[in-house]
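Student: Sharing a structure here in structure tokens format.
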Amino acid sequence: MTTLTHYLQFTDLNADEYTYLFERAALIKKKFKAYEKHHPLVDRTLAMIFEKASTRTRVSFEAGMYQLGGSVVHLTTGDSQLGRAEPIEDSAKVISRMTDLVMIRTYEQAKIERFAANSRVPVINGLTNEYHPCQILADIFTFIEHRGSIQGKTVAWVGDGNNMANTWLQAASLLGFKVHVSTPRGYEVDEKLAAGAHGISADSYQFFSDPMEACQGADLVTTDVWTSMGYEAENEARRLAFADWCVDTEMMAAAQPDALFMHCLPAHRGEEVEADVIDGPQSVVWDEAENRMHVQKALMEYLLLGKLA
Ligand code: CP
Ligand code: NVA
């Protein structure tokens with residue numbers, strides 16, 4: 001690939017590229033399950049920068065890169081000069097001269113954009129306050145595996161208007177499905193943010209003040225923590241505000257009979273979701289977590305090598 005493609009938000013790729021990535025992820029997953037070697041990224045190195053905690057993102061990128069034949073360097077704010085105020089631009093120039101790909105989990109989206117603007121290699125968003133594109137990539141792949149195309153379907157988002165909600169809205173506009181959003185007052189999705197550089201189409205998004213109504217007829221019900229990383233000071237206020245935004249069996253019953261339940265994890269049973277739902281028969285959260293690795297392998301391969309036959 002001659003041009004440098006970053007993956008900073010879901011709208012950085014188009015619908016055709018997503019079709020390719022979902023097919024490629026399925027093939028890569030099949031090879032992984034068959035213990036078949038797949039080493040397109042031999043001698044390539046991924047730098048992973050974590051300014052927030054992680055289990056899934058760390059393991060899926062690290063294991064995934066090794067499985068592709070490459071290697072990884074793991075950096076955190078605490079053990080690098082990033083935590084000692086080295087300018088992000090300088091860090092980007094240095095890190096991208098020694099590695100082939102960079103994944104960053106940080107706070108403001110602006111920070112990852114500044115890094116990318118100074119990087120010689122593709123940069124992947126591993127979660128910011130505003131977006132979590134790799135997670136939605138995995139979620140849609142998981143939906144396709146279980147139910148086929150997501151086009152024309154309805155996703156119910158119950159909870160915070162956070163990075164996950166923003167990214168769902170971007171995906172809906174791009175891939176042609178609907179999101180029914182229900183958030184408590186004061187925690188709504190910021191439409192400008194969700195729109196990113198491309199805008200969200202009005203017919204892909206509908207707001208409901210009642211979470212039960214948002215779930216009516218949905219093909220997928222999904223939620224996330226009440227308090228995202230970086231917002232811990234608001235924890236008590238959020239516990240009060242979100243009390244009615246717990247996905248329970250009644251909400252699942254309002255959705256389609258074959259509706260799936262997803263949660264990006266980590267989850268808090270008894271808060272944003274009842275144990276009977278997340279541990280129940282409609283939940284696909286473990287497939288969803290595993291699929292992070294398969295889709296990100298397809299993504300890393302694509303950003304470095306382009307479309308492969
Ligand atoms: N879903 C997700 O991104 O999980 P981690 O915070 O464990 O990486
Ligand atoms: N919205 C959550 C997702 C965690 C994977 C957060 O940002 O903390």
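Note on naming: chains are A, B, ... as they come in the structure tokens, residues start from 1 per chain, ligands start from 1 in the order shown.
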With ligand 2 as the partner and 9 Å as the cut-off, tabulate the residues of chain A that qualify, each row holding the nearest pair of atoms and their distance in Å to one decimal, using only C-alpha atoms and all ligand atoms, sorted by chain and rising number, as JSON lines.
Tutor:
{"residue": "A:Lys52", "atom": "CA", "partner": "ligand 2", "partner_atom_place_in_ligand_line": "8 (O)", "distance": 8.5}
{"residue": "A:Ala53", "atom": "CA", "partner": "ligand 2", "partner_atom_place_in_ligand_line": "8 (O)", "distance": 8.7}
{"residue": "A:Ser54", "atom": "CA", "partner": "ligand 2", "partner_atom_place_in_ligand_line": "5 (C)", "distance": 7.5}
{"residue": "A:Thr55", "atom": "CA", "partner": "ligand 2", "partner_atom_place_in_ligand_line": "5 (C)", "distance": 8.9}
{"residue": "A:Arg56", "atom": "CA", "partner": "ligand 2", "partner_atom_place_in_ligand_line": "5 (C)", "distance": 8.2}
{"residue": "A:Thr57", "atom": "CA", "partner": "ligand 2", "partner_atom_place_in_ligand_line": "5 (C)", "distance": 8.2}
{"residue": "A:Tyr107", "atom": "CA", "partner": "ligand 2", "partner_atom_place_in_ligand_line": "7 (O)", "distance": 8.9}
{"residue": "A:Leu127", "atom": "CA", "partner": "ligand 2", "partner_atom_place_in_ligand_line": "7 (O)", "distance": 6.8}
{"residue": "A:Thr128", "atom": "CA", "partner": "ligand 2", "partner_atom_place_in_ligand_line": "7 (O)", "distance": 6.9}
{"residue": "A:Asn129", "atom": "CA", "partner": "ligand 2", "partner_atom_place_in_ligand_line": "7 (O)", "distance": 6.0}
{"residue": "A:Glu130", "atom": "CA", "partner": "ligand 2", "partner_atom_place_in_ligand_line": "7 (O)", "distance": 8.3}
{"residue": "A:Tyr131", "atom": "CA", "partner": "ligand 2", "partner_atom_place_in_ligand_line": "7 (O)", "distance": 8.3}
{"residue": "A:His132", "atom": "CA", "partner": "ligand 2", "partner_atom_place_in_ligand_line": "3 (C)", "distance": 7.6}
{"residue": "A:Gln135", "atom": "CA", "partner": "ligand 2", "partner_atom_place_in_ligand_line": "5 (C)", "distance": 8.0}
{"residue": "A:Asp160", "atom": "CA", "partner": "ligand 2", "partner_atom_place_in_ligand_line": "1 (N)", "distance": 8.2}
{"residue": "A:Asn162", "atom": "CA", "partner": "ligand 2", "partner_atom_place_in_ligand_line": "1 (N)", "distance": 6.0}
{"residue": "A:Asn163", "atom": "CA", "partner": "ligand 2", "partner_atom_place_in_ligand_line": "1 (N)", "distance": 5.7}
{"residue": "A:Met164", "atom": "CA", "partner": "ligand 2", "partner_atom_place_in_ligand_line": "1 (N)", "distance": 5.9}
{"residue": "A:Ala165", "atom": "CA", "partner": "ligand 2", "partner_atom_place_in_ligand_line": "1 (N)", "distance": 8.5}
{"residue": "A:Asp224", "atom": "CA", "partner": "ligand 2", "partner_atom_place_in_ligand_line": "1 (N)", "distance": 6.1}
{"residue": "A:Val225", "atom": "CA", "partner": "ligand 2", "partner_atom_place_in_ligand_line": "2 (C)", "distance": 6.1}
{"residue": "A:Trp226", "atom": "CA", "partner": "ligand 2", "partner_atom_place_in_ligand_line": "1 (N)", "distance": 8.0}
{"residue": "A:Thr227", "atom": "CA", "partner": "ligand 2", "partner_atom_place_in_ligand_line": "8 (O)", "distance": 6.8}
{"residue": "A:Ser228", "atom": "CA", "partner": "ligand 2", "partner_atom_place_in_ligand_line": "8 (O)", "distance": 3.4}
{"residue": "A:Met229", "atom": "CA", "partner": "ligand 2", "partner_atom_place_in_ligand_line": "8 (O)", "distance": 3.8}
{"residue": "A:Gly230", "atom": "CA", "partner": "ligand 2", "partner_atom_place_in_ligand_line": "8 (O)", "distance": 7.2}
{"residue": "A:Tyr231", "atom": "CA", "partner": "ligand 2", "partner_atom_place_in_ligand_line": "8 (O)", "distance": 8.3}
{"residue": "A:Cys264", "atom": "CA", "partner": "ligand 2", "partner_atom_place_in_ligand_line": "5 (C)", "distance": 5.8}
{"residue": "A:Leu265", "atom": "CA", "partner": "ligand 2", "partner_atom_place_in_ligand_line": "5 (C)", "distance": 5.9}
{"residue": "A:Pro266", "atom": "CA", "partner": "ligand 2", "partner_atom_place_in_ligand_line": "5 (C)", "distance": 6.5}
{"residue": "A:Ala267", "atom": "CA", "partner": "ligand 2", "partner_atom_place_in_ligand_line": "4 (C)", "distance": 9.0}
Student: If you run DSSP on the backbone, which residues of stretch 101-196 of chain A are strand (DSSP E or B), as a PyMOL selection string?
Tutor: chain A and resi 101-105+123-125+154-158+178-182
Student: Write out as a PyMOL selection string all residues of stretch 78-141 of chain A that DSSP puts in helix (DSSP H, G or I) for this structure's backbone.
Tutor: chain A and resi 81-84+88-98+109-117+133-141
Student: Now that the selection is made, can you save its residues with C-alpha atoms as a compact mmCIF listing (two decimals), in the first residue's frame?
Tutor:
# COMPACT_ATOMS: atom_id res chain seq x y z
CA GLN A 81 8.61 9.22 28.62
CA LEU A 82 4.97 9.72 27.64
CA GLY A 83 4.24 10.02 31.35
CA ARG A 84 6.99 12.62 31.75
CA ILE A 88 3.14 13.55 21.63
CA GLU A 89 4.51 14.77 18.28
CA ASP A 90 8.07 13.87 19.29
CA SER A 91 6.97 10.47 20.59
CA ALA A 92 5.16 9.79 17.30
CA LYS A 93 8.21 10.70 15.21
CA VAL A 94 10.48 8.42 17.23
CA ILE A 95 8.20 5.42 17.72
CA SER A 96 7.12 5.38 14.07
CA ARG A 97 10.74 5.31 12.86
CA MET A 98 11.33 2.01 14.65
CA GLN A 109 -9.24 11.80 20.41
CA ALA A 110 -7.20 14.93 19.63
CA LYS A 111 -4.16 13.23 21.13
CA ILE A 112 -4.30 10.21 18.81
CA GLU A 113 -4.88 12.56 15.88
CA ARG A 114 -1.76 14.55 16.78
CA PHE A 115 0.18 11.30 17.03
CA ALA A 116 -1.09 10.13 13.63
CA ALA A 117 -0.26 13.46 12.00
CA PRO A 133 -13.74 1.50 16.51
CA CYS A 134 -11.96 -1.87 16.98
CA GLN A 135 -14.70 -2.95 19.38
CA ILE A 136 -17.51 -2.11 16.97
CA LEU A 137 -15.60 -3.90 14.21
CA ALA A 138 -15.63 -7.01 16.42
CA ASP A 139 -19.27 -6.53 17.43
CA ILE A 140 -20.51 -6.30 13.85
CA PHE A 141 -18.39 -9.28 12.83
Student: With distances taken over only C-alpha atoms, which residue among A:Asp203, A:Glu272, A:Glu23, A:Asp12 lies nearest A:Asn125?
Tutor: A:Asp12
Student: Considering only C-alpha atoms and all ligand atoms, can you say which of A:Glu145, A:Asp79, A:Asp16, A:Glu62 comes closest to ligand 1?
Tutor: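 Checking each candidate against ligand 1, we get A:Glu62 as the closest.
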Student: Write out as number ranges by chain the residues lying within 12 Å of A:Asp43, counting only C-alpha atoms and excluding same-chain residues fewer than 5 positions away.
Tutor: A: 65-66, 68-72, 98-101
Student: Any chance you can output those residues with N, CA and C atoms as a PDB file, in the first residue's frame?
Tutor:
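Below you can see again25.pdb, which holds the result:
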ATOM      1  N   MET A  65      -0.773 -10.093  16.830  1.00  0.00           N
ATOM      2  CA  MET A  65       0.428  -9.723  16.073  1.00  0.00           C
ATOM      3  C   MET A  65       1.430 -10.883  16.038  1.00  0.00           C
ATOM      4  N   TYR A  66       1.593 -11.580  17.160  1.00  0.00           N
ATOM      5  CA  TYR A  66       2.493 -12.743  17.158  1.00  0.00           C
ATOM      6  C   TYR A  66       1.987 -13.808  16.184  1.00  0.00           C
ATOM      7  N   LEU A  68       0.430 -13.371  13.541  1.00  0.00           N
ATOM      8  CA  LEU A  68       0.662 -12.944  12.150  1.00  0.00           C
ATOM      9  C   LEU A  68       2.157 -12.990  11.795  1.00  0.00           C
ATOM     10  N   GLY A  69       2.970 -13.434  12.745  1.00  0.00           N
ATOM     11  CA  GLY A  69       4.408 -13.580  12.479  1.00  0.00           C
ATOM     12  C   GLY A  69       5.224 -12.384  12.912  1.00  0.00           C
ATOM     13  N   GLY A  70       4.571 -11.350  13.465  1.00  0.00           N
ATOM     14  CA  GLY A  70       5.273 -10.139  13.866  1.00  0.00           C
ATOM     15  C   GLY A  70       5.584 -10.120  15.349  1.00  0.00           C
ATOM     16  N   SER A  71       5.992  -8.952  15.830  1.00  0.00           N
ATOM     17  CA  SER A  71       6.290  -8.825  17.255  1.00  0.00           C
ATOM     18  C   SER A  71       5.694  -7.519  17.784  1.00  0.00           C
ATOM     19  N   VAL A  72       5.717  -7.360  19.102  1.00  0.00           N
ATOM     20  CA  VAL A  72       5.097  -6.170  19.702  1.00  0.00           C
ATOM     21  C   VAL A  72       6.012  -5.506  20.725  1.00  0.00           C
ATOM     22  N   MET A  98      10.789   3.310  14.246  1.00  0.00           N
ATOM     23  CA  MET A  98      11.325   2.008  14.650  1.00  0.00           C
ATOM     24  C   MET A  98      10.312   0.877  14.548  1.00  0.00           C
ATOM     25  N   THR A  99       9.063   1.224  14.306  1.00  0.00           N
ATOM     26  CA  THR A  99       8.034   0.185  14.248  1.00  0.00           C
ATOM     27  C   THR A  99       7.216   0.352  12.958  1.00  0.00           C
ATOM     28  N   ASP A 100       6.349  -0.615  12.692  1.00  0.00           N
ATOM     29  CA  ASP A 100       5.592  -0.613  11.429  1.00  0.00           C
ATOM     30  C   ASP A 100       4.134  -0.203  11.602  1.00  0.00           C
ATOM     31  N   LEU A 101       3.681  -0.212  12.856  1.00  0.00           N
ATOM     32  CA  LEU A 101       2.261  -0.012  13.133  1.00  0.00           C
ATOM     33  C   LEU A 101       2.171   0.416  14.602  1.00  0.00           C
TER      34      LEU A 101
END
Student: Can you work out which one of A:Arg239, A:Arg58, A:Lys192, A:Lys297 has the shortest atom-to-atom distance to ligand 1, counting only C-alpha atoms and all ligand atoms?
Tutor: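 So, comparing all the options, the nearest one is A:Arg58.
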Student: Give me, as an MDAnalysis selection string, all polymer residues having an atom no more than 12 Å from A:Ala195, counting only C-alpha atoms and skipping those fewer than 3 positions away in the same chain.
Tutor: chainID A and resid 9:11 130:131 165:174 189:192 198:202 204:205
Student: Using only C-alpha atoms and all ligand atoms for the distances, tell me which of A:His268, A:Arg147, A:Arg238, A:His263 is nearest to ligand 1.
Tutor: A:His263
Student: With only C-alpha atoms as the counted atoms, please give the residues lying no more than 10 Å from A:Gly280, apart from itself and same-chain residues fewer than 6 positions off, as number ranges by chain.
Tutor: A: 249, 261, 274
Student: With a distance cut-off of 6 Å and only C-alpha atoms, select the neighbouring residues of A:Cys215, excluding the residue or stretch itself and same-chain residues fewer than 3 positions from it, and output the selection as a short mmCIF file (atom, residue, chain, number, x, y, z; two decimals) with C-alpha atoms, in the first residue's frame.
Tutor:
data_model
loop_
_atom_site.label_atom_id
_atom_site.label_comp_id
_atom_site.auth_asym_id
_atom_site.auth_seq_id
_atom_site.Cartn_x
_atom_site.Cartn_y
_atom_site.Cartn_z
CA ALA A 156 -30.66 -0.96 20.80
CA MET A 212 -37.69 -0.49 27.18
CA ALA A 218 -34.37 -4.78 18.25
CA ALA A 254 -39.27 -6.65 24.24
CA ALA A 255 -36.64 -7.22 21.55
#
Student: Measure the distance from atom CA of A:Phe207 to atom CA of A:Ala241 in Å and round it to one decimal.
Tutor: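 If I compute the distance from atom CA of A:Phe207 to atom CA of A:Ala241, I get 17.1 Å.
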Student: Show me, as a PyMOL selection string, the residues that have an atom within 12 Å of A:Phe242 when counting only C-alpha atoms, minus same-chain residues fewer than 5 positions from it.
Tutor: chain A and resi 158-161+182-188+209-211+223-227+234-237+247+270-273
Student: By how many Å are atom CA of A:Gly217 and atom CA of A:Gln282 apart?
Tutor: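 So the two atoms, atom CA of A:Gly217 and atom CA of A:Gln282, lie 14.5 Å apart.
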Student: Between atom CA of A:Leu175 and atom CA of A:His294, what is the distance, to one decimal in Å?
Tutor: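 Atom-to-atom, atom CA of A:Leu175 and atom CA of A:His294 are spaced 19.8 Å apart.
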